[in-house]
Amino acid sequence: STPSSTTPSAGAADLAARLDDLRRAYADLQARGLKLDLTRGKPSAEQLDLSEALLALPGAGTHTAEDGSDTRNYGGLAGLPELRRIFAELLGVPVDQLLAQGNASLTLMYDTVVQALLFGVPGSERPWSREEQITFVCPVPGYDRHFAICEELGIRMVTVPMTPDGPDAEAVAALVADDPTVKGLWVVPTYANPDGSVVSEAVARRLVSMPAAAPDFRIFWDNAYAVHHLTEHEAKSANALDLAAEAGHPDRVLMYASTSKITFAGSGVAFFASSPANVSWFTKHLGIRSIGPDKINHLRHATFFGDAEGVRNHMRKHREILAPKFRAVVDILDERLGDSGVATWTRPDGGYFVSVDVVPGTAARVVQLAKEAGIALTPAGATFPYHQDPDDRNLRLAPTMPPLDEVRVAMDGVATCILLAAAEATAS
Ligand code: PLP
């Protein structure tokens, strides 16, 4: 299934006529005194329980890595080879081009950008911070924390639209070809946050082969949801590193992933993969920053999974928990809003979010109405740089954390809020 991309219109003439009914429905909703939360893209406790055995691993007396080294000690900067092997297979990258590090891929992304600012990357003429201006291309809607990194570090952001096949590649190509200040592009290639789209092979090829005005242009390929399928249709991520090398731009792609939504969100393992030149650049700075990562955590994860198939099997258990929640979100939206013409929404095959486009100018109002009815939604604008959705129309729903019955109740309430906000806009 593909994410929808049409703009909803408040054309339904009878909507304004329903205003009184919708106000009554909303008053009933408020009277229920709900306290529900669809803001957090976190795993539920039931999902975390799937990995409970990790807490007893590797176990006292079990601390020797496959190569004979003692995981309790310093060293092993690249991370434990047995764990890197498992994730190299899953991410489709060579083991020696994959680093296993700390608990957060976001940290690795932040470090990459900071190191680029301080030192430049391979191919840079000077540190990025010595350029008059640095620009990143930000597909929208997108991941708020990518935009926060740019905002904090003074990197200008320009937006391009998302499509069902990933970022609008022609729009990206035009910006990257013309503007030497464009040094970066954020991409979530698989089950994107928030619209669930998957970068097609054609889009991946275009992004890695397009001419760039900046010789040190980089794609931040954040494959956070590489194995996070919600259906039996398991999307395969385009192999960006191979494609970039084939296209003659081996250093263009910086790949990130983690087990945050595989094992424990706070105590997982993060990965970085790239060309040999980028990996050695990153490792050089990493070695100043740390003597080595938490290899006991690496060993615990390697033992827990056994092999790549172990990860795939584990993800099927997540799917069993998550698929009914996502189905509930989509079913309720279909049922309540299906023929209203006031919203479009995605039907993700994986990842953690459902993206809803409401009547332009009403997203913030929907969030406010929901809040006043006891349903917390991610603030409108969160999926755009500087928290500014120019059309005030995108909502990000995160159904993973609450129990299924709460997801249902919350979504029914959200549907009422979307309809009421649309009716108010039409009537005014
Ligand atoms: N990348 C994307 C696209 C995400 O949605 C998230 C979490 O929501 C992260 C990265 C965070 O990953 P980590 O926990 O490895 O820092």
# chains A, B, ... in the order shown; residues from 1 in each chain; ligands from 1
>>> residues_near_ligand(ligand="ligand 1", cutoff="10 Å", atoms="only C-alpha atoms and all ligand atoms", output="NGL selection string")
:A and (40-43 or 102-110 or 142-146 or 186-194 or 221-225 or 256-261 or 264-271 or 351-353)
>>> select_by_dssp(residues="region 167-375 of chain A", states="helix (DSSP H, G or I)", output="PyMOL selection string")
chain A and resi 169-178+201-209+240-246+276-289+295-305+308-337+363-372
>>> select_by_dssp(residues="region 231-272 of chain A", states="strand (DSSP E or B)", output="list in words")
Val253, Leu254, Met255, Tyr256, Ala257, Ser258, Ala270, Phe271 and Phe272 of chain A
>>> atom_distance(atom1="CA of Ala425 (chain A)", atom2="CA of Val358 (chain A)")
11.3 Å
>>> closest_atom_pairs(of="region 251-308 of chain A", to="region 50-64 of chain A", cutoff="9 Å", atoms="only C-alpha atoms", output="JSON lines")
{"residue": "A:Ile262", "atom": "CA", "partner": "A:Ser51", "partner_atom": "CA", "distance": 8.3}
{"residue": "A:Thr263", "atom": "CA", "partner": "A:Ser51", "partner_atom": "CA", "distance": 5.5}
{"residue": "A:Phe264", "atom": "CA", "partner": "A:Ser51", "partner_atom": "CA", "distance": 7.2}
{"residue": "A:Ile296", "atom": "CA", "partner": "A:His63", "partner_atom": "CA", "distance": 7.0}
{"residue": "A:Asn297", "atom": "CA", "partner": "A:Pro58", "partner_atom": "CA", "distance": 8.3}
{"residue": "A:Leu299", "atom": "CA", "partner": "A:Pro58", "partner_atom": "CA", "distance": 6.6}
{"residue": "A:Arg300", "atom": "CA", "partner": "A:Pro58", "partner_atom": "CA", "distance": 4.9}
{"residue": "A:His301", "atom": "CA", "partner": "A:Leu54", "partner_atom": "CA", "distance": 7.1}
{"residue": "A:Thr303", "atom": "CA", "partner": "A:Pro58", "partner_atom": "CA", "distance": 7.1}
{"residue": "A:Phe304", "atom": "CA", "partner": "A:Leu54", "partner_atom": "CA", "distance": 6.5}
>>> write_last_selection(atoms="C-alpha atoms", output="PDB file, in the first residue's frame")
ATOM      1  CA  ILE A 262      14.175  -3.850  18.113  1.00  0.00           C
ATOM      2  CA  THR A 263      15.332  -4.444  21.694  1.00  0.00           C
ATOM      3  CA  PHE A 264      15.361  -1.650  24.287  1.00  0.00           C
ATOM      4  CA  ILE A 296      29.192  -6.117  26.801  1.00  0.00           C
ATOM      5  CA  ASN A 297      25.986  -4.705  25.346  1.00  0.00           C
ATOM      6  CA  LEU A 299      27.863  -9.311  23.170  1.00  0.00           C
ATOM      7  CA  ARG A 300      24.493  -9.457  24.900  1.00  0.00           C
ATOM      8  CA  HIS A 301      22.744  -8.464  21.670  1.00  0.00           C
ATOM      9  CA  THR A 303      24.001 -13.748  21.916  1.00  0.00           C
ATOM     10  CA  PHE A 304      20.321 -12.821  22.102  1.00  0.00           C
TER      11      PHE A 304
END
>>> residues_around(residues="Arg393 (chain A)", least_positions_apart="2", cutoff="8 Å", atoms="only C-alpha atoms", output="JSON, numbers by chain")
{"A": [357, 358, 359, 360, 361, 362, 363, 364, 380, 389, 391, 395]}
>>> residues_around(residues="Lys371 (chain A)", least_positions_apart="6", cutoff="12 Å", atoms="only C-alpha atoms", output="list in words")
Tyr26, Leu29, Gln30, Gly33, Leu34, Lys35, Leu36, Asp37, Leu38, Thr39, Ala364, Arg365, Leu377, Thr378, Pro379, Ala380, Ala410, Gly413, Val414 and Cys417 of chain A
>>> residues_around(residues="Leu420 (chain A)", least_positions_apart="5", cutoff="10 Å", atoms="only C-alpha atoms", output="PyMOL selection string")
chain A and resi 15-16+18-26+362+365-366+369+414-415+425-426
>>> write_last_selection(atoms="N, CA and C atoms", output="mmCIF file, in the first residue's frame")
data_model
loop_
_atom_site.group_PDB
_atom_site.id
_atom_site.type_symbol
_atom_site.label_atom_id
_atom_site.label_comp_id
_atom_site.auth_asym_id
_atom_site.auth_seq_id
_atom_site.Cartn_x
_atom_site.Cartn_y
_atom_site.Cartn_z
ATOM 1 N N LEU A 15 -20.871 19.564 5.375
ATOM 2 C CA LEU A 15 -20.081 19.538 6.599
ATOM 3 C C LEU A 15 -20.482 20.679 7.535
ATOM 4 N N ALA A 16 -20.599 21.871 6.951
ATOM 5 C CA ALA A 16 -20.985 23.028 7.760
ATOM 6 C C ALA A 16 -22.362 22.789 8.390
ATOM 7 N N ARG A 18 -23.421 20.067 9.379
ATOM 8 C CA ARG A 18 -23.280 19.111 10.484
ATOM 9 C C ARG A 18 -22.618 19.739 11.709
ATOM 10 N N LEU A 19 -22.316 21.020 11.629
ATOM 11 C CA LEU A 19 -21.544 21.662 12.693
ATOM 12 C C LEU A 19 -22.165 21.437 14.080
ATOM 13 N N ASP A 20 -23.466 21.609 14.164
ATOM 14 C CA ASP A 20 -24.112 21.445 15.476
ATOM 15 C C ASP A 20 -23.973 20.010 15.985
ATOM 16 N N ASP A 21 -24.196 19.042 15.078
ATOM 17 C CA ASP A 21 -24.038 17.624 15.455
ATOM 18 C C ASP A 21 -22.611 17.350 15.930
ATOM 19 N N LEU A 22 -21.649 17.913 15.193
ATOM 20 C CA LEU A 22 -20.241 17.659 15.540
ATOM 21 C C LEU A 22 -19.889 18.316 16.875
ATOM 22 N N ARG A 23 -20.460 19.478 17.126
ATOM 23 C CA ARG A 23 -20.209 20.140 18.418
ATOM 24 C C ARG A 23 -20.759 19.285 19.555
ATOM 25 N N ARG A 24 -21.917 18.682 19.307
ATOM 26 C CA ARG A 24 -22.500 17.800 20.339
ATOM 27 C C ARG A 24 -21.622 16.571 20.541
ATOM 28 N N ALA A 25 -21.168 15.994 19.419
ATOM 29 C CA ALA A 25 -20.310 14.798 19.524
ATOM 30 C C ALA A 25 -19.030 15.130 20.283
ATOM 31 N N TYR A 26 -18.515 16.328 20.019
ATOM 32 C CA TYR A 26 -17.288 16.755 20.701
ATOM 33 C C TYR A 26 -17.537 16.980 22.197
ATOM 34 N N THR A 362 -6.097 23.735 9.569
ATOM 35 C CA THR A 362 -6.807 23.209 10.742
ATOM 36 C C THR A 362 -5.989 22.245 11.610
ATOM 37 N N ARG A 365 -5.610 23.420 15.146
ATOM 38 C CA ARG A 365 -6.922 23.406 15.788
ATOM 39 C C ARG A 365 -7.310 21.965 16.195
ATOM 40 N N VAL A 366 -7.002 21.008 15.344
ATOM 41 C CA VAL A 366 -7.293 19.599 15.682
ATOM 42 C C VAL A 366 -6.516 19.205 16.943
ATOM 43 N N LEU A 369 -8.190 20.870 19.923
ATOM 44 C CA LEU A 369 -9.460 20.211 20.271
ATOM 45 C C LEU A 369 -9.186 18.876 20.963
ATOM 46 N N VAL A 414 -9.998 11.497 17.815
ATOM 47 C CA VAL A 414 -9.252 12.302 16.846
ATOM 48 C C VAL A 414 -10.102 12.543 15.599
ATOM 49 N N ALA A 415 -10.804 11.503 15.169
ATOM 50 C CA ALA A 415 -11.659 11.644 13.978
ATOM 51 C C ALA A 415 -12.713 12.729 14.220
ATOM 52 N N ALA A 425 -13.996 25.390 9.940
ATOM 53 C CA ALA A 425 -13.317 26.142 8.883
ATOM 54 C C ALA A 425 -14.261 26.410 7.714
ATOM 55 N N THR A 426 -15.080 25.421 7.410
ATOM 56 C CA THR A 426 -16.005 25.574 6.288
ATOM 57 C C THR A 426 -17.099 26.595 6.617
#
>>> residues_around(residues="region 237-239 of chain A", least_positions_apart="6", cutoff="7 Å", atoms="only C-alpha atoms", output="tab-separated table (two decimals) with C-alpha atoms, in the first residue's frame")
chain	number	residue	atom	x	y	z
A	92	GLY	CA	23.33	-5.04	3.15
A	189	PRO	CA	14.65	5.29	3.35
A	190	THR	CA	12.43	2.61	4.86
A	200	SER	CA	12.26	3.11	-4.45
A	201	GLU	CA	15.28	1.76	-6.29
A	204	ALA	CA	17.77	5.83	-4.57
A	226	ALA	CA	14.96	-1.12	8.08
>>> residues_around(residues="region 229-233 of chain A", least_positions_apart="3", cutoff="9 Å", atoms="only C-alpha atoms", output="JSON, numbers by chain")
{"A": [191, 225, 226, 315, 316, 318, 319, 320, 322, 323, 326, 348, 349, 350, 351]}
>>> closest_residue(among="A:Gly306, A:Gly341, A:Gly374, A:Pro141", to="Arg84 (chain A)", atoms="only C-alpha atoms")
A:Gly306
